[in-house]
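Structure file query.txt with compact mmCIF, C-alpha atoms:
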# COMPACT_ATOMS: atom_id res chain seq x y z
CA MET A 633 -23.75 17.72 21.87
CA THR A 634 -26.33 15.07 22.70
CA ASN A 635 -26.51 11.87 24.68
CA ALA A 636 -28.61 10.35 21.90
CA THR A 637 -31.08 8.44 24.02
CA ALA A 638 -33.68 8.14 21.25
CA GLY A 639 -33.66 7.52 17.53
CA PRO A 640 -31.10 6.12 15.12
CA CYS A 641 -27.39 6.82 15.31
CA ARG A 642 -24.77 6.72 12.59
CA SER A 643 -21.08 7.30 12.04
CA GLN A 644 -20.45 10.52 10.15
CA ARG A 645 -17.43 11.48 8.05
CA LEU A 646 -15.98 14.92 8.74
CA VAL A 647 -13.46 17.05 6.88
CA LEU A 648 -11.66 19.46 9.20
CA ALA A 649 -10.49 22.96 8.32
CA ASP A 650 -6.97 21.73 7.47
CA GLY A 651 -8.37 19.09 5.11
CA GLU A 652 -7.85 16.16 7.49
CA ARG A 653 -10.54 13.47 7.42
CA THR A 654 -12.05 12.04 10.58
CA TRP A 655 -15.25 10.46 11.88
CA THR A 656 -17.74 11.03 14.67
CA VAL A 657 -21.03 9.55 15.92
CA VAL A 658 -24.20 11.49 15.20
CA GLY A 659 -27.45 11.00 17.12
CA TRP A 660 -31.11 11.38 16.20
CA ASP A 661 -30.88 15.16 16.51
CA HIS A 662 -27.95 15.28 14.04
CA LEU A 663 -25.55 16.34 16.78
CA PRO A 664 -22.45 14.43 17.92
CA VAL A 665 -23.03 11.91 20.71
CA ALA A 666 -21.10 13.49 23.58
CA PRO A 667 -19.46 10.45 25.32
CA ALA A 668 -18.58 8.84 22.00
CA GLU A 669 -17.09 12.05 20.58
CA GLU A 670 -15.04 12.59 23.74
CA TYR A 671 -13.44 9.18 23.31
CA LEU A 672 -12.90 9.62 19.56
CA GLU A 673 -11.20 12.96 20.23
CA TYR A 674 -8.93 11.16 22.68
CA LEU A 675 -7.98 8.73 19.90
CA ARG A 676 -7.23 11.63 17.55
CA VAL A 677 -5.04 13.36 20.13
CA GLN A 678 -3.19 10.07 20.68
CA GLY A 679 -2.34 10.04 16.99
CA ASN A 680 -4.48 7.09 15.94
CA SER A 681 -5.03 6.79 12.21
CA PRO A 682 -8.25 8.06 10.58
CA ASN A 683 -9.10 4.44 9.73
CA THR A 684 -8.90 3.48 13.40
CA VAL A 685 -11.15 6.40 14.35
CA LYS A 686 -13.53 5.37 11.57
CA SER A 687 -13.72 1.77 12.84
CA TYR A 688 -14.34 2.88 16.43
CA ALA A 689 -16.95 5.41 15.33
CA ARG A 690 -18.85 2.66 13.49
CA ALA A 691 -18.77 0.48 16.59
CA LEU A 692 -19.94 3.26 18.91
CA ALA A 693 -22.72 4.23 16.49
CA LEU A 694 -23.99 0.64 16.66
CA TRP A 695 -23.78 0.68 20.46
CA TRP A 696 -25.78 3.90 20.81
CA GLU A 697 -28.28 2.64 18.26
CA TYR A 698 -28.69 -0.48 20.39
CA LEU A 699 -29.16 1.63 23.53
CA SER A 700 -31.78 3.69 21.72
CA GLU A 701 -33.77 0.69 20.44
CA PHE A 702 -33.76 -1.05 23.81
CA ASP A 703 -34.31 2.15 25.81
CA ARG A 704 -31.11 1.92 27.85
CA ASP A 705 -29.13 4.73 29.49
CA TRP A 706 -25.46 4.50 28.56
CA ARG A 707 -24.48 5.30 32.16
CA ALA A 708 -26.62 2.53 33.69
CA VAL A 709 -25.92 -0.50 31.49
CA THR A 710 -25.28 -3.92 33.00
CA LEU A 711 -23.38 -6.99 31.88
CA GLU A 712 -26.69 -8.34 30.61
CA ASP A 713 -26.95 -5.33 28.29
CA PHE A 714 -23.55 -6.08 26.78
CA GLY A 715 -24.61 -9.67 26.22
CA GLY A 716 -27.77 -8.38 24.57
CA PHE A 717 -25.63 -6.14 22.37
CA LEU A 718 -23.77 -9.17 21.06
CA CYS A 719 -27.04 -10.95 20.28
CA TRP A 720 -28.38 -7.82 18.58
CA LEU A 721 -25.26 -7.53 16.44
CA ARG A 722 -25.71 -11.12 15.33
CA THR A 723 -29.47 -11.14 14.73
CA GLY A 724 -30.68 -7.56 14.50
CA ASP A 725 -33.85 -8.55 16.41
CA GLU A 726 -35.91 -5.70 17.81
CA PRO A 727 -36.76 -5.56 21.55
CA ASP A 728 -40.09 -7.38 21.18
CA VAL A 729 -38.81 -10.01 18.75
CA VAL A 730 -37.14 -13.28 19.68
CA SER A 731 -35.85 -15.45 16.83
CA ILE A 732 -36.66 -19.14 17.03
CA ALA A 733 -35.00 -20.42 13.87
CA PRO A 734 -31.34 -19.51 13.43
CA GLY A 735 -30.82 -16.93 10.72
CA ARG A 736 -27.90 -15.56 8.85
CA ALA A 737 -25.59 -13.52 11.09
CA ARG A 738 -25.41 -9.81 10.32
CA PHE A 739 -21.68 -9.62 11.06
CA ALA A 740 -18.81 -12.07 11.19
CA GLU A 741 -17.63 -13.00 14.68
CA SER A 742 -14.31 -11.26 14.04
CA THR A 743 -16.18 -8.03 13.21
CA ILE A 744 -18.36 -8.38 16.31
CA ALA A 745 -15.22 -8.81 18.43
CA VAL A 746 -13.77 -5.59 17.02
CA ARG A 747 -17.01 -3.70 17.69
CA LEU A 748 -17.13 -4.99 21.27
CA ARG A 749 -13.53 -4.01 21.96
CA ALA A 750 -14.23 -0.47 20.79
CA VAL A 751 -17.23 -0.12 23.10
CA LEU A 752 -15.33 -1.55 26.07
CA ALA A 753 -12.44 0.82 25.38
CA CYS A 754 -14.82 3.79 25.37
CA TYR A 755 -16.22 2.75 28.75
CA SER A 756 -12.72 2.28 30.15
CA TYR A 757 -11.87 5.81 29.01
CA GLN A 758 -15.00 7.22 30.65
CA GLN A 759 -14.20 5.35 33.85
CA LEU A 760 -10.70 6.86 33.96
CA ASN A 761 -12.35 10.26 33.59
CA GLY A 762 -14.20 9.67 36.85
CA ILE A 763 -17.54 8.51 35.46
CA ALA A 764 -18.78 5.45 37.36
CA VAL A 765 -19.41 3.21 34.36
CA GLY A 766 -17.90 -0.06 33.24
CA ARG A 767 -16.65 -1.22 36.64
CA GLU A 768 -18.03 -4.73 36.11
CA LEU A 769 -16.64 -5.13 32.60
CA TYR A 770 -13.18 -6.31 33.67
CA ARG A 771 -11.77 -8.56 36.35
CA ILE A 772 -8.24 -9.24 37.57
CA VAL A 773 -6.98 -12.77 36.89
CA HIS A 774 -3.74 -14.47 37.79
CA GLY A 775 -1.87 -17.02 35.73
CA ARG A 776 -2.73 -18.27 32.25
CA ASN A 777 -4.52 -21.26 30.86
CA GLY A 778 -2.16 -23.70 29.22
CA SER A 779 1.58 -24.10 29.60
CA TYR A 780 2.78 -21.14 27.51
CA LYS A 781 3.75 -17.93 29.30
CA PRO A 782 5.24 -14.84 27.67
CA LEU A 783 8.74 -13.60 28.46
CA LEU A 784 8.98 -12.14 32.01
CA GLU A 785 5.41 -13.21 32.76
CA HIS A 786 6.42 -13.89 36.37
CA ILE A 787 7.44 -10.22 36.77
CA ALA A 788 4.91 -8.40 34.61
CA ARG A 789 1.83 -10.22 35.94
CA ARG A 790 2.39 -10.39 39.70
CA ARG A 791 -0.57 -8.12 40.25
CA GLY A 792 -2.77 -10.04 37.88
CA ARG A 793 -4.06 -9.38 34.40
CA ARG A 794 -7.05 -7.27 33.47
CA ARG A 795 -9.45 -9.40 31.43
CA ALA A 796 -12.76 -8.46 29.84
CA VAL A 797 -15.74 -10.31 31.30
CA VAL A 798 -17.73 -10.07 28.07
CA ARG A 799 -15.79 -11.65 25.22
CA VAL A 800 -16.39 -13.09 21.78
CA ARG A 801 -14.96 -16.50 21.03
CA GLN A 802 -13.37 -16.21 17.61
CA PRO A 803 -12.34 -19.00 15.26
CA ARG A 804 -8.66 -19.73 15.01
CA ARG A 805 -6.93 -17.18 12.81
CA ALA A 806 -6.25 -18.47 9.32
CA ALA A 807 -2.73 -18.39 7.96
CA PRO A 808 -2.05 -15.08 6.15
CA SER A 809 -2.21 -15.23 2.37
CA THR A 810 1.11 -15.23 0.55
CA LEU A 811 2.54 -15.16 -2.95
CA THR A 812 5.20 -17.60 -4.07
CA PRO A 813 8.47 -16.26 -5.53
CA GLY A 814 7.28 -17.27 -9.00
CA GLN A 815 4.02 -15.35 -8.60
CA ILE A 816 5.88 -12.27 -7.38
CA ASP A 817 8.14 -12.49 -10.43
CA ARG A 818 5.10 -12.67 -12.71
CA ILE A 819 3.56 -9.57 -11.15
CA CYS A 820 6.83 -7.65 -11.42
CA GLY A 821 7.39 -8.91 -14.98
CA ALA A 822 3.91 -7.82 -16.05
CA CYS A 823 4.88 -4.26 -15.08
CA ALA A 824 8.34 -3.97 -16.64
CA GLN A 825 11.03 -6.25 -18.07
CA TRP A 826 14.65 -5.77 -19.03
CA ASP A 827 15.29 -6.12 -22.77
CA PRO A 828 18.82 -7.50 -23.21
CA THR A 829 18.80 -6.63 -26.92
CA THR A 830 18.14 -2.92 -26.53
CA ARG A 831 19.53 -2.89 -22.99
CA GLU A 832 16.50 -0.92 -21.82
CA TRP A 833 13.55 -1.47 -19.54
CA ARG A 834 10.22 -1.98 -21.26
CA GLY A 835 7.08 -1.08 -19.33
CA SER A 836 6.58 0.84 -16.11
CA VAL A 837 9.66 0.77 -13.89
CA ARG A 838 7.70 2.65 -11.22
CA ASN A 839 5.14 -0.14 -10.95
CA ARG A 840 7.79 -2.85 -10.86
CA LEU A 841 9.74 -0.92 -8.23
CA LEU A 842 6.70 -0.75 -5.96
CA TRP A 843 6.09 -4.52 -5.98
CA ALA A 844 9.79 -5.34 -5.70
CA LEU A 845 10.08 -2.94 -2.76
CA LEU A 846 7.08 -4.44 -0.95
CA ALA A 847 8.36 -7.98 -1.52
CA GLU A 848 11.88 -7.24 -0.32
CA THR A 849 11.16 -5.01 2.67
CA GLY A 850 7.73 -6.07 3.95
CA LEU A 851 6.58 -2.44 3.96
CA ARG A 852 2.90 -1.67 4.23
CA LEU A 853 1.52 0.06 1.15
CA GLY A 854 1.05 3.33 3.03
CA GLU A 855 4.67 3.24 4.22
CA ALA A 856 5.92 2.70 0.66
CA LEU A 857 3.80 5.52 -0.75
CA GLY A 858 5.07 7.79 2.03
CA LEU A 859 8.73 7.37 1.06
CA GLN A 860 10.54 10.49 -0.08
CA HIS A 861 13.77 10.50 -2.07
CA ARG A 862 15.70 11.62 1.01
CA ASP A 863 14.59 8.38 2.69
CA TRP A 864 16.34 6.23 0.09
CA HIS A 865 20.07 6.00 0.77
CA THR A 866 21.60 4.45 -2.31
CA GLY A 867 24.76 2.37 -2.01
CA ARG A 868 28.10 4.12 -2.44
CA GLY A 869 30.32 1.20 -1.69
CA ASP A 870 28.30 0.37 1.40
CA THR A 871 24.89 -1.19 1.98
CA PRO A 872 21.89 0.69 0.55
CA PHE A 873 18.99 1.25 2.92
CA ILE A 874 15.70 3.09 3.24
CA GLU A 875 14.25 4.92 6.23
CA VAL A 876 10.61 4.69 7.22
CA VAL A 877 9.65 8.04 8.73
CA ALA A 878 6.33 9.09 10.26
CA ARG A 879 5.16 12.30 8.58
CA GLU A 880 2.03 13.94 7.22
CA HIS A 881 1.09 12.79 3.72
CA PRO A 882 -1.26 14.56 1.25
CA ARG A 883 -3.07 11.27 0.57
CA GLY A 884 -3.53 10.47 4.24
CA VAL A 885 -1.24 7.41 4.27
CA ARG A 886 0.77 6.77 7.43
CA ALA A 887 3.93 5.09 8.67
CA LYS A 888 2.02 2.99 11.18
CA SER A 889 5.02 1.65 13.09
CA GLY A 890 7.06 4.84 13.30
CA TYR A 891 10.71 5.08 12.32
CA ARG A 892 12.82 2.14 11.25
CA ARG A 893 15.75 1.48 8.89
CA LEU A 894 15.60 -1.31 6.31
CA TYR A 895 18.58 -2.54 4.33
CA VAL A 896 17.90 -3.54 0.74
CA SER A 897 19.65 -5.46 -2.02
CA ASP A 898 21.86 -3.98 -4.70
CA ASP A 899 19.38 -5.16 -7.35
CA LEU A 900 16.56 -3.17 -5.76
CA ASP A 901 18.84 -0.18 -5.37
CA ARG A 902 19.76 -0.31 -9.07
CA LEU A 903 16.08 -0.51 -10.03
CA TYR A 904 15.46 2.61 -7.95
CA GLY A 905 18.38 4.29 -9.74
CA GLU A 906 16.83 3.47 -13.12
CA TYR A 907 13.48 4.87 -11.97
CA LEU A 908 15.18 8.00 -10.62
CA TRP A 909 16.89 8.57 -13.96
CA GLN A 910 13.56 8.21 -15.78
CA LEU A 911 11.94 10.71 -13.39
CA CYS A 912 14.65 13.27 -14.11
CA GLU A 913 14.34 12.65 -17.85
CA ALA A 914 10.61 13.41 -17.52
CA GLY A 915 11.36 16.65 -15.65
CA ALA A 916 10.27 15.64 -12.16
CA ASP A 917 13.35 17.24 -10.62
CA LEU A 918 12.38 20.59 -12.17
CA ALA A 919 8.74 20.36 -11.10
CA THR A 920 9.53 20.71 -7.39
CA ALA A 921 11.59 23.18 -5.43
CA ASP A 922 13.22 20.42 -3.35
CA PHE A 923 13.46 17.07 -5.10
CA ASP A 924 14.81 15.37 -1.96
CA THR A 925 11.47 15.96 -0.22
CA ALA A 926 9.45 14.81 -3.24
CA TYR A 927 7.69 11.46 -2.94
CA VAL A 928 9.27 8.44 -4.62
CA PHE A 929 6.02 7.11 -6.08
CA VAL A 930 4.21 9.80 -8.07
CA ASN A 931 1.70 10.20 -10.89
CA LEU A 932 3.27 9.76 -14.29
CA GLY A 933 0.35 9.42 -16.70
CA ARG A 934 -2.35 11.52 -15.06
CA GLU A 935 -2.78 14.96 -13.55
CA PRO A 936 -1.54 16.44 -11.37
CA ARG A 937 1.69 15.11 -12.80
CA PHE A 938 4.41 14.19 -10.29
CA ALA A 939 1.93 14.48 -7.40
CA SER A 940 2.11 11.71 -4.82
CA TRP A 941 0.64 8.40 -5.98
CA SER A 942 -2.63 7.55 -4.22
CA PRO A 943 -3.65 4.15 -2.76
CA ASP A 944 -6.73 4.20 -5.01
CA SER A 945 -4.51 4.41 -8.09
CA VAL A 946 -2.44 1.50 -6.81
CA TYR A 947 -5.57 -0.61 -6.41
CA ASP A 948 -6.59 0.32 -9.96
CA LEU A 949 -3.25 -1.16 -11.02
CA VAL A 950 -3.92 -4.25 -8.89
CA ARG A 951 -7.23 -4.82 -10.67
CA ARG A 952 -5.58 -4.54 -14.08
CA LEU A 953 -2.84 -6.97 -13.09
CA ARG A 954 -5.37 -9.43 -11.65
CA SER A 955 -7.13 -9.48 -15.01
CA GLN A 956 -3.90 -9.67 -17.01
CA LEU A 957 -2.47 -12.50 -14.89
CA ALA A 958 -5.70 -14.45 -14.36
CA GLY A 959 -4.86 -18.10 -13.73
CA GLN A 960 -1.20 -17.32 -13.03
CA VAL A 961 -1.54 -15.63 -9.64
CA PRO A 962 -4.26 -15.81 -6.95
CA GLY A 963 -7.27 -13.79 -8.04
CA GLY A 964 -7.72 -11.95 -4.74
CA TRP A 965 -4.16 -10.83 -4.06
CA THR A 966 -3.58 -7.39 -2.57
CA PRO A 967 -0.49 -5.29 -1.83
CA HIS A 968 -0.51 -6.56 1.77
CA TRP A 969 0.17 -10.10 0.52
CA PHE A 970 3.72 -8.96 -0.29
CA ARG A 971 4.23 -8.15 3.39
CA HIS A 972 3.08 -11.61 4.44
CA SER A 973 5.23 -13.16 1.71
CA HIS A 974 8.24 -11.20 2.93
CA ALA A 975 7.86 -12.41 6.51
CA THR A 976 7.27 -15.98 5.35
CA ALA A 977 10.36 -15.91 3.13
CA LEU A 978 12.57 -14.64 5.94
CA LEU A 979 11.33 -17.19 8.48
CA LEU A 980 11.65 -20.11 6.07
CA SER A 981 15.16 -18.94 5.24
CA GLY A 982 16.18 -19.21 8.88
CA VAL A 983 16.14 -15.56 9.99
CA PRO A 984 15.43 -15.25 13.75
CA VAL A 985 11.91 -14.16 14.56
CA HIS A 986 13.06 -11.08 16.50
CA VAL A 987 14.84 -9.81 13.38
CA VAL A 988 11.71 -10.39 11.29
CA SER A 989 9.61 -8.61 13.91
CA ARG A 990 11.91 -5.57 13.89
CA ARG A 991 11.96 -5.46 10.10
CA LEU A 992 8.15 -5.58 9.90
CA GLY A 993 7.85 -2.84 12.50
CA HIS A 994 5.85 -4.91 14.98
CA ALA A 995 5.72 -3.34 18.43
CA ASP A 996 5.96 -6.77 20.05
CA VAL A 997 7.65 -9.93 18.81
CA GLN A 998 4.58 -11.80 20.06
CA THR A 999 2.60 -10.20 17.22
CA THR A 1000 4.98 -11.80 14.73
CA LEU A 1001 4.78 -15.17 16.49
CA ASN A 1002 0.97 -15.07 16.56
CA THR A 1003 0.67 -14.09 12.89
CA TYR A 1004 3.26 -16.45 11.45
CA ALA A 1005 3.21 -19.33 13.94
CA HIS A 1006 2.34 -21.76 11.13
CA VAL A 1007 5.32 -20.90 8.94
CA THR A 1008 8.20 -22.85 10.45
CA GLU A 1009 6.18 -26.06 10.56
CA ASP A 1010 4.53 -25.80 7.15
CA ALA A 1011 6.25 -28.34 4.92
CA GLU A 1012 4.13 -27.33 1.94
CA LEU A 1013 5.50 -23.80 2.05
CA ARG A 1014 9.02 -25.17 1.97
CA ALA A 1015 8.17 -27.29 -1.05
CA VAL A 1016 6.55 -24.70 -3.31
CA ALA A 1017 9.68 -22.62 -3.77
CA ASP A 1018 13.32 -22.25 -2.90
CA TRP A 1019 12.78 -19.45 -0.41
CA ALA A 1020 16.45 -19.31 0.56
CA LYS A 1021 17.40 -18.66 -3.05
CA PHE A 1022 14.63 -16.09 -3.41
CA THR A 1023 15.93 -14.09 -0.44
CA ALA A 1024 19.63 -14.54 -1.22
CA GLY A 1025 20.25 -10.87 -2.01
CA TRP A 1026 18.17 -9.37 0.79
CA ARG A 1027 19.88 -7.73 3.76
CA ALA A 1028 18.00 -8.02 7.00
CA VAL A 1029 20.21 -6.15 9.47
CA GLY A 1030 23.37 -4.08 9.48
CA THR A 1031 25.58 -4.62 6.47
CA GLY A 1032 25.33 -8.37 6.69
CA VAL A 1033 23.35 -10.53 4.34
CA ILE A 1034 20.25 -12.39 5.41
CA GLY A 1035 20.88 -15.00 8.06
CA PRO A 1036 21.19 -15.59 11.80
CA CYS A 1037 22.25 -12.53 13.77

Turn this file's structure into structure tokens for me.
Amino acid sequence: MTNATAGPCRSQRLVLADGERTWTVVGWDHLPVAPAEEYLEYLRVQGNSPNTVKSYARALALWWEYLSEFDRDWRAVTLEDFGGFLCWLRTGDEPDVVSIAPGRARFAESTIAVRLRAVLACYSYQQLNGIAVGRELYRIVHGRNGSYKPLLEHIARRRGRRRAVVRVRQPRRAAPSTLTPGQIDRICGACAQWDPTTREWRGSVRNRLLWALLAETGLRLGEALGLQHRDWHTGRGDTPFIEVVAREHPRGVRAKSGYRRLYVSDDLDRLYGEYLWQLCEAGADLATADFDTAYVFVNLGREPRFASWSPDSVYDLVRRLRSQLAGQVPGGWTPHWFRHSHATALLLSGVPVHVVSRRLGHADVQTTLNTYAHVTEDAELRAVADWAKFTAGWRAVGTGVIGPC
């Protein structure tokens, strides 16, 4: 490996022997940058997603490129160097160039903040390994600005809080994008509709099931694509539910939040039953040795048939639906909008925030509060649709219907 003290650096995609994708940082000599690779390997061992490793690798490649251009040793950097890194990310100016007129920023402030956090995390890791770097990057502070304090703040923060000295001031986070109930119905209807005359579904039940599932459960797309038939527990006189289970997936999707159980409506369960019947009619149950371990969402019209559906194919569907429903739904909607719509619907229907947090799989209820703080006070959201009616059949916890717990 190399310390990459001269020349350009870049993040490099790797495919391991078992087919897993990952990323590293490559220096001017085309070898991995040792301190960066050590930290990225730590992230891999910790089970971080390939996308997280990719993001951190990009940030560390920029940092080592900066060190190379400004002739800095990664072990001897100062706070001034980190400040210079932020300026370099914004302007791209070379060491002997100082911009007078303001130019267009190379990266958004939110992106710069992410890059800085990755670099600081790498230095913290190296410090814990006994390397004397990064000691001036954090300081211990007591108390908080403002009146708000998290739960048990008086216990958890007696010894002070570790705060980065170098920080990026970001603009206030915008409210997450959502779809109204009517827009969700249009998307689902464009995929498949029930024909009362023939008493049959017309269109793709698989596609409709995906959007209905995302809207009703708040699953991430990767979590939905990772569902196997054994994870769907259909109702037999009791409440149907699905299980979100962390497991390896051939398309690389992940259950980011680990295991959780989500109760679903009878309508969604019946739609799954219709889809299951269609799969068996098409021979999907005969194409696998163990149908219970087969993925719910699979290829139907392309090869390899009945293989797990890929995120790229889902986004192809999104593009077709955007074109088909132009003017009826927001032009930039993505599968993740269903997750935001789900959380918004629950909160506006009066479900306690801790229940919403658990259903979304957030590790901390504060994440839910930070993301959806605008919801309960947004009168416009209440006016655009009858959210309580929209969520009437959803079950949030246990066998009870949606509502206070």

Can you measure CA of Pro640 in chain A to CA of Arg704 in chain A for me? One decimal in Å is fine.
13.4 Å

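Taking CA of Tyr698 in chain A as the reference point, CA of Val647 in chain A is found at 26.9 Å.
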
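Taking only C-alpha atoms, the non-local environment of Phe873 in chain A within 6 Å (same-chain residues fewer than 2 positions away omitted) comprises A:His865, A:Leu894, A:Tyr895, A:Val896.
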
List every protein, DNA or RNA residue with an atom no more than 10 Å from (-17.9, -4.8, 18.1) in the file's coordinates, counting only C-alpha atoms, and format the result as a list of chain:residue names.
A:Ser687, A:Tyr688, A:Arg690, A:Ala691, A:Leu692, A:Leu694, A:Trp695, A:Phe717, A:Leu718, A:Leu721, A:Phe739, A:Glu741, A:Ser742, A:Thr743, A:Ile744, A:Ala745, A:Val746, A:Arg747, A:Leu748, A:Arg749, A:Ala750, A:Val751, A:Leu752, A:Val800

Nearest to Ala753 in chain A, restricted to only C-alpha atoms and choosing among A:Ser945, A:Ala689, A:Ser643, A:Val658, comes out as A:Ala689

Who sits within 9 Å of Arg883 in chain A, all atoms listed in the file, same chain under 5 positions skipped, as a PyMOL selection string:
chain A and resi 858+940-943

Closest of A:Thr999, A:Thr810, A:Thr871, A:Thr1023 to Thr966 in chain A, counting only C-alpha atoms, is A:Thr810

Near range 754-767 of chain A, counting only C-alpha atoms, which residues have an atom at most 12 Å away, once you skip same-chain residues fewer than 6 positions from it, shown as a VMD selection string?
chain A and resid 666 to 675 685 688 to 689 691 to 693 695 to 696 705 to 711 713 to 714 747 to 748 794 796 to 798

Would you mind exporting C-alpha atoms of the selected residues as a PDB file, in the coordinates of the input?
ATOM      1  CA  ALA A 666     -21.100  13.490  23.580  1.00  0.00           C
ATOM      2  CA  PRO A 667     -19.460  10.450  25.320  1.00  0.00           C
ATOM      3  CA  ALA A 668     -18.580   8.840  22.000  1.00  0.00           C
ATOM      4  CA  GLU A 669     -17.090  12.050  20.580  1.00  0.00           C
ATOM      5  CA  GLU A 670     -15.040  12.590  23.740  1.00  0.00           C
ATOM      6  CA  TYR A 671     -13.440   9.180  23.310  1.00  0.00           C
ATOM      7  CA  LEU A 672     -12.900   9.620  19.560  1.00  0.00           C
ATOM      8  CA  GLU A 673     -11.200  12.960  20.230  1.00  0.00           C
ATOM      9  CA  TYR A 674      -8.930  11.160  22.680  1.00  0.00           C
ATOM     10  CA  LEU A 675      -7.980   8.730  19.900  1.00  0.00           C
ATOM     11  CA  VAL A 685     -11.150   6.400  14.350  1.00  0.00           C
ATOM     12  CA  TYR A 688     -14.340   2.880  16.430  1.00  0.00           C
ATOM     13  CA  ALA A 689     -16.950   5.410  15.330  1.00  0.00           C
ATOM     14  CA  ALA A 691     -18.770   0.480  16.590  1.00  0.00           C
ATOM     15  CA  LEU A 692     -19.940   3.260  18.910  1.00  0.00           C
ATOM     16  CA  ALA A 693     -22.720   4.230  16.490  1.00  0.00           C
ATOM     17  CA  TRP A 695     -23.780   0.680  20.460  1.00  0.00           C
ATOM     18  CA  TRP A 696     -25.780   3.900  20.810  1.00  0.00           C
ATOM     19  CA  ASP A 705     -29.130   4.730  29.490  1.00  0.00           C
ATOM     20  CA  TRP A 706     -25.460   4.500  28.560  1.00  0.00           C
ATOM     21  CA  ARG A 707     -24.480   5.300  32.160  1.00  0.00           C
ATOM     22  CA  ALA A 708     -26.620   2.530  33.690  1.00  0.00           C
ATOM     23  CA  VAL A 709     -25.920  -0.500  31.490  1.00  0.00           C
ATOM     24  CA  THR A 710     -25.280  -3.920  33.000  1.00  0.00           C
ATOM     25  CA  LEU A 711     -23.380  -6.990  31.880  1.00  0.00           C
ATOM     26  CA  ASP A 713     -26.950  -5.330  28.290  1.00  0.00           C
ATOM     27  CA  PHE A 714     -23.550  -6.080  26.780  1.00  0.00           C
ATOM     28  CA  ARG A 747     -17.010  -3.700  17.690  1.00  0.00           C
ATOM     29  CA  LEU A 748     -17.130  -4.990  21.270  1.00  0.00           C
ATOM     30  CA  ARG A 794      -7.050  -7.270  33.470  1.00  0.00           C
ATOM     31  CA  ALA A 796     -12.760  -8.460  29.840  1.00  0.00           C
ATOM     32  CA  VAL A 797     -15.740 -10.310  31.300  1.00  0.00           C
ATOM     33  CA  VAL A 798     -17.730 -10.070  28.070  1.00  0.00           C
TER      34      VAL A 798
END

Would you compute the distance between CA of Val877 in chain A and CA of Glu855 in chain A? Give it in Å to one decimal.
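A separation of 8.3 Å between them.
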
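The residue that comes closest to Ala919 in chain A, out of A:Arg868, A:Arg937, A:Arg902, A:Arg722 and on the basis of all atoms listed in the file, is A:Arg937.
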
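Counting all atoms listed in the file, the residue from A:His974, A:His994, A:His1006, A:Arg1027 that sits nearest to Thr812 in chain A is A:His974.
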
Minimum-distance residue to Tyr891 in chain A, chosen among A:Ala916, A:Val837, A:Leu992, A:Ala977 (using all atoms listed in the file):
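Selected residue with least distance to Tyr891 in chain A: A:Leu992.
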